[in-house]
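Worksheet: one structure, shown below.
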Amino acid sequence: MASPSSPEPRADRVRLAALGGRDDAPAGAVRLDLNTAPAEAPGLRERLARELDELTLSDYGDERALGLRRSLATHTGRRVEEIFVAGGSMAVLERLVAGWGGAGRTALGFAPGYLGAERLCAVLGTTVALAPRDAAFGLDADRALAAVREHRPDLVLLCHPGNPSGRPEEPDTVRALCAAAPGALIVVDEAYVDFAAAPSMLALTDEVRPNLVVVRSLSKAWALAGARVGYAVADPAIVRALQDGQLPGAVSALTQAVARAALGEPAADRAGRIAAIVAERERVERALDAQDGVRVWPSQANFVLFAPPDPADVLARCAAAGVLIRDVGGRPGLEGCLRATIGAPAANDALLSAIGRAPR
Ligand code: PMP
């Protein structure tokens, strides 16, 4: 007798699991491939213990995360009606694509851009149109508007500063896009903006059309990747639509508690942690730049993009030293490029030694 098999799911189901990171990393490897923080913020656990004392987990709690949204409104200087929270900025992007993308709709990205957002659009059935950036990964308003005229997108994907380039977007480009495509959502992913000298595009939400969405993450500068918290700042009508499409309790009471604990970090402590990463980034950039034949792009994020003469050899030496970095060289415009997260000084030294440059 044939063994019973489970019912087949729909063939066109979306495969979001494909968006996850690698799960073959050797135990104990130094992860400079995920752009996370080197360590938890000091004091996080104590603040979390106090938050947990206030929780009653037999209750559903604040299912619309109003308290957390209020804290984020204070942090960003916006109104609570302008804040949407989800389980990581990836989940924010997923809600945006679910609402404004999908079958028969087009998302416009500029290559090389953030692959995660492009893949998310693709798995959710959205057509992804890619227009090229200039050779230095820049995107001026003329180039962006030409692509809008050609592709007539429903969504435009920007990343400020960019992953993997580390280069900020131009405010004039964002302004021009908002004006030229009033029926499209202009999504600016600011997962790394806290490391940038360039200001956030949030300043533009006062002055431009109500089609700008700024997406933020607590996974990077807030050192909270494991808790899965991201948020969007947008026009209240967009936030209402996002809320409408989200299950109540999608951001659990535990997640809200840990996010509040993270947001409770004294601003000076947080600024100090970020400054230390920026200083390390500059040291790593200098050390890479000083090597023969290595090209390194100036970064405003917590990672650096570089092209060594022999990327395969660098990858192998890093792997042998237990350091994982990201090979991004398979994508157009990024030939021969590697991306390394800025970690703790010892991890960065390990990276530089593996690449062949003695730390200094
Ligand atoms: N946006 C960008 C540009 C990223 O690089 C990442 C993670 N690598 C994300 C969003 C997703 O981050 P998270 O879901 O942890 O907030």
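We label chains A, B, ... in the order they appear in the structure tokens, count residues from 1 in each chain, and number ligands from 1 in the order shown.
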
- Message: as a list in words, please: every residue in region 68-117 of chain A that DSSP puts in helix (DSSP H, G or I).
- Response: Leu68, Arg69, Arg70, Ser71, Leu72, Ala73, Thr74, His75, Thr76, Val80, Glu81, Glu82, Ser89, Met90, Ala91, Val92, Leu93, Glu94, Arg95, Leu96, Val97, Ala98, Gly99, Trp100, Leu115, Gly116 and Ala117 of chain A

Go ahead and save the picked residues with N, CA, C and O atoms, as a compact mmCIF listing (two decimals), in the first residue's frame.
# COMPACT_ATOMS: atom_id res chain seq x y z
N LEU A 68 5.09 50.79 22.55
CA LEU A 68 6.36 50.80 21.82
C LEU A 68 6.32 51.84 20.70
O LEU A 68 7.30 52.56 20.46
N ARG A 69 5.19 51.95 20.03
CA ARG A 69 5.09 52.94 18.95
C ARG A 69 5.22 54.35 19.51
O ARG A 69 5.82 55.23 18.89
N ARG A 70 4.67 54.54 20.73
CA ARG A 70 4.84 55.87 21.37
C ARG A 70 6.32 56.14 21.64
O ARG A 70 6.81 57.25 21.41
N SER A 71 7.03 55.13 22.15
CA SER A 71 8.46 55.32 22.43
C SER A 71 9.21 55.64 21.14
O SER A 71 10.09 56.52 21.11
N LEU A 72 8.87 54.96 20.06
CA LEU A 72 9.55 55.21 18.78
C LEU A 72 9.17 56.57 18.22
O LEU A 72 9.98 57.24 17.57
N ALA A 73 7.92 56.99 18.49
CA ALA A 73 7.50 58.33 18.07
C ALA A 73 8.34 59.38 18.79
O ALA A 73 8.84 60.34 18.17
N THR A 74 8.57 59.18 20.07
CA THR A 74 9.40 60.12 20.83
C THR A 74 10.82 60.10 20.26
O THR A 74 11.42 61.16 20.03
N HIS A 75 11.34 58.91 20.02
CA HIS A 75 12.72 58.80 19.53
C HIS A 75 12.89 59.49 18.18
O HIS A 75 13.93 60.11 17.91
N THR A 76 11.89 59.39 17.33
CA THR A 76 12.02 59.93 15.97
C THR A 76 11.45 61.35 15.83
O THR A 76 11.57 61.96 14.77
N VAL A 80 2.58 59.17 16.95
CA VAL A 80 2.39 57.72 17.03
C VAL A 80 1.64 57.20 15.81
O VAL A 80 1.89 56.09 15.34
N GLU A 81 0.75 58.01 15.24
CA GLU A 81 0.00 57.61 14.04
C GLU A 81 0.90 57.43 12.83
O GLU A 81 0.47 56.93 11.79
N GLU A 82 2.13 57.90 12.94
CA GLU A 82 3.07 57.79 11.81
C GLU A 82 4.04 56.62 11.97
O GLU A 82 4.95 56.46 11.16
N SER A 89 12.89 44.76 10.33
CA SER A 89 12.58 45.64 9.19
C SER A 89 12.22 44.80 7.97
O SER A 89 11.49 45.25 7.09
N MET A 90 12.68 43.55 7.95
CA MET A 90 12.28 42.66 6.85
C MET A 90 10.76 42.44 6.88
O MET A 90 10.12 42.38 5.83
N ALA A 91 10.21 42.31 8.09
CA ALA A 91 8.76 42.12 8.20
C ALA A 91 8.01 43.42 7.84
O ALA A 91 6.89 43.37 7.32
N VAL A 92 8.63 44.57 8.10
CA VAL A 92 8.03 45.83 7.66
C VAL A 92 7.99 45.85 6.13
O VAL A 92 6.95 46.16 5.52
N LEU A 93 9.13 45.49 5.52
CA LEU A 93 9.19 45.46 4.05
C LEU A 93 8.17 44.47 3.50
O LEU A 93 7.49 44.72 2.51
N GLU A 94 8.03 43.34 4.18
CA GLU A 94 7.09 42.31 3.73
C GLU A 94 5.66 42.86 3.73
O GLU A 94 4.89 42.63 2.80
N ARG A 95 5.31 43.61 4.78
CA ARG A 95 3.97 44.22 4.86
C ARG A 95 3.79 45.27 3.75
O ARG A 95 2.72 45.42 3.19
N LEU A 96 4.84 46.02 3.48
CA LEU A 96 4.74 47.04 2.42
C LEU A 96 4.54 46.38 1.06
O LEU A 96 3.69 46.81 0.27
N VAL A 97 5.31 45.31 0.81
CA VAL A 97 5.19 44.64 -0.49
C VAL A 97 3.84 43.93 -0.58
O VAL A 97 3.20 43.93 -1.63
N ALA A 98 3.40 43.33 0.54
CA ALA A 98 2.10 42.65 0.53
C ALA A 98 0.98 43.66 0.22
O ALA A 98 0.02 43.34 -0.47
N GLY A 99 1.13 44.88 0.70
CA GLY A 99 0.07 45.88 0.51
C GLY A 99 0.14 46.60 -0.82
O GLY A 99 -0.89 46.90 -1.43
N TRP A 100 1.34 46.91 -1.27
CA TRP A 100 1.47 47.77 -2.45
C TRP A 100 2.11 47.07 -3.64
O TRP A 100 2.16 47.62 -4.73
N LEU A 115 19.71 43.31 -1.81
CA LEU A 115 19.19 42.08 -2.42
C LEU A 115 17.98 41.54 -1.66
O LEU A 115 17.04 41.00 -2.26
N GLY A 116 17.98 41.70 -0.32
CA GLY A 116 16.87 41.18 0.48
C GLY A 116 15.53 41.75 0.04
O GLY A 116 14.55 41.01 -0.13
N ALA A 117 15.49 43.04 -0.21
CA ALA A 117 14.23 43.68 -0.61
C ALA A 117 13.82 43.20 -2.00
O ALA A 117 12.64 42.95 -2.26

- Message: Hey, which residues sit close to ligand 1? Say within 10 Å, counting only C-alpha atoms and all ligand atoms, and write them as a ChimeraX atom specification.
- Response: /A:19-21,33-36,86-94,113-117,158-164,166,188-193,215-220,223-231,301

- Task: Identify, on the basis of only C-alpha atoms, every residue whose closest approach to region 136-150 of chain A does not exceed 7 Å; exclude the query and any residue fewer than 5 positions from it along the same chain; express the result as a PyMOL selection string.
- Result: chain A and resi 131+165+169-170+172-173+176-177

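For the atom pair formed by CA of Val187 (chain A) and CA of Ala232 (chain A), the distance is 9.4 Å, given to one decimal.
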
- Message: With distances taken over only C-alpha atoms, which residue among A:Ala18, A:Ala257, A:Ile355, A:Leu324 lies nearest Gln291 (chain A)?
- Response: A:Ile355

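Distance annotation: of A:Ala344, A:Ala103, A:Val314, A:Ala250, the residue with the minimal separation from Ile274 (chain A) is A:Ala344; atom set is only C-alpha atoms.
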
Return as a PDB file with N, CA and C atoms, in the first residue's frame the full set of residues in region 177-231 of chain A whose backbone-based DSSP assignment is strand (DSSP E).
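The resulting file, part_2.pdb, is reproduced below:
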ATOM      1  N   LEU A 185       4.835  54.007  -3.818  1.00  0.00           N
ATOM      2  CA  LEU A 185       5.476  54.164  -2.512  1.00  0.00           C
ATOM      3  C   LEU A 185       6.976  54.277  -2.733  1.00  0.00           C
ATOM      4  N   ILE A 186       7.573  55.309  -2.160  1.00  0.00           N
ATOM      5  CA  ILE A 186       9.034  55.452  -2.229  1.00  0.00           C
ATOM      6  C   ILE A 186       9.569  54.957  -0.882  1.00  0.00           C
ATOM      7  N   VAL A 187      10.168  53.778  -0.905  1.00  0.00           N
ATOM      8  CA  VAL A 187      10.593  53.127   0.341  1.00  0.00           C
ATOM      9  C   VAL A 187      12.088  53.353   0.534  1.00  0.00           C
ATOM     10  N   VAL A 188      12.444  54.011   1.624  1.00  0.00           N
ATOM     11  CA  VAL A 188      13.861  54.241   1.918  1.00  0.00           C
ATOM     12  C   VAL A 188      14.227  53.401   3.140  1.00  0.00           C
ATOM     13  N   ASP A 189      15.042  52.387   2.916  1.00  0.00           N
ATOM     14  CA  ASP A 189      15.472  51.482   3.976  1.00  0.00           C
ATOM     15  C   ASP A 189      16.650  52.126   4.702  1.00  0.00           C
ATOM     16  N   LEU A 212       6.258  58.788   0.904  1.00  0.00           N
ATOM     17  CA  LEU A 212       7.589  58.383   1.363  1.00  0.00           C
ATOM     18  C   LEU A 212       7.461  57.507   2.610  1.00  0.00           C
ATOM     19  N   VAL A 213       8.129  56.366   2.601  1.00  0.00           N
ATOM     20  CA  VAL A 213       8.150  55.486   3.772  1.00  0.00           C
ATOM     21  C   VAL A 213       9.602  55.258   4.172  1.00  0.00           C
ATOM     22  N   VAL A 214       9.928  55.602   5.399  1.00  0.00           N
ATOM     23  CA  VAL A 214      11.277  55.357   5.912  1.00  0.00           C
ATOM     24  C   VAL A 214      11.217  54.126   6.805  1.00  0.00           C
ATOM     25  N   VAL A 215      12.073  53.146   6.498  1.00  0.00           N
ATOM     26  CA  VAL A 215      12.072  51.881   7.241  1.00  0.00           C
ATOM     27  C   VAL A 215      13.333  51.814   8.101  1.00  0.00           C
ATOM     28  N   ARG A 216      13.150  51.478   9.363  1.00  0.00           N
ATOM     29  CA  ARG A 216      14.280  51.417  10.300  1.00  0.00           C
ATOM     30  C   ARG A 216      14.345  50.046  10.972  1.00  0.00           C
ATOM     31  N   SER A 217      15.484  49.746  11.548  1.00  0.00           N
ATOM     32  CA  SER A 217      15.696  48.448  12.192  1.00  0.00           C
ATOM     33  C   SER A 217      16.329  48.646  13.560  1.00  0.00           C
ATOM     34  N   GLY A 230      11.546  46.016  13.816  1.00  0.00           N
ATOM     35  CA  GLY A 230      11.766  47.047  12.811  1.00  0.00           C
ATOM     36  C   GLY A 230      10.551  47.948  12.802  1.00  0.00           C
ATOM     37  N   TYR A 231      10.692  49.118  12.217  1.00  0.00           N
ATOM     38  CA  TYR A 231       9.534  50.010  12.172  1.00  0.00           C
ATOM     39  C   TYR A 231       9.570  50.863  10.912  1.00  0.00           C
TER      40      TYR A 231
END

- Interatomic distance, CA of Leu52 (chain A) to CA of Gln246 (chain A) (Å, one decimal): 24.5 Å

- Find the residues near Gly104 (chain A): any atom within 9 Å, counting only C-alpha atoms, skip ones fewer than 4 places away on the same chain, and give them as a ChimeraX atom specification. /A:125-127

Selection file, C-alpha atoms, as an mmCIF file, in the first residue's frame:
data_model
loop_
_atom_site.group_PDB
_atom_site.id
_atom_site.type_symbol
_atom_site.label_atom_id
_atom_site.label_comp_id
_atom_site.auth_asym_id
_atom_site.auth_seq_id
_atom_site.Cartn_x
_atom_site.Cartn_y
_atom_site.Cartn_z
ATOM 1 C CA GLY A 125 4.996 37.846 -6.912
ATOM 2 C CA THR A 126 6.030 41.442 -7.605
ATOM 3 C CA THR A 127 7.870 42.154 -10.836
#

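Distances to Leu334 (chain A) were evaluated for A:Ala180, A:Ala135, A:Leu57, A:Ala259 using only C-alpha atoms, and the minimum falls at A:Ala135.
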
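For Val284 (chain A), the set of protein, DNA and RNA residues having any atom at most 8 Å away, when counting only C-alpha atoms and skipping those fewer than 6 positions along the same chain, is Ile342, Asn348 and Leu352 of chain A.
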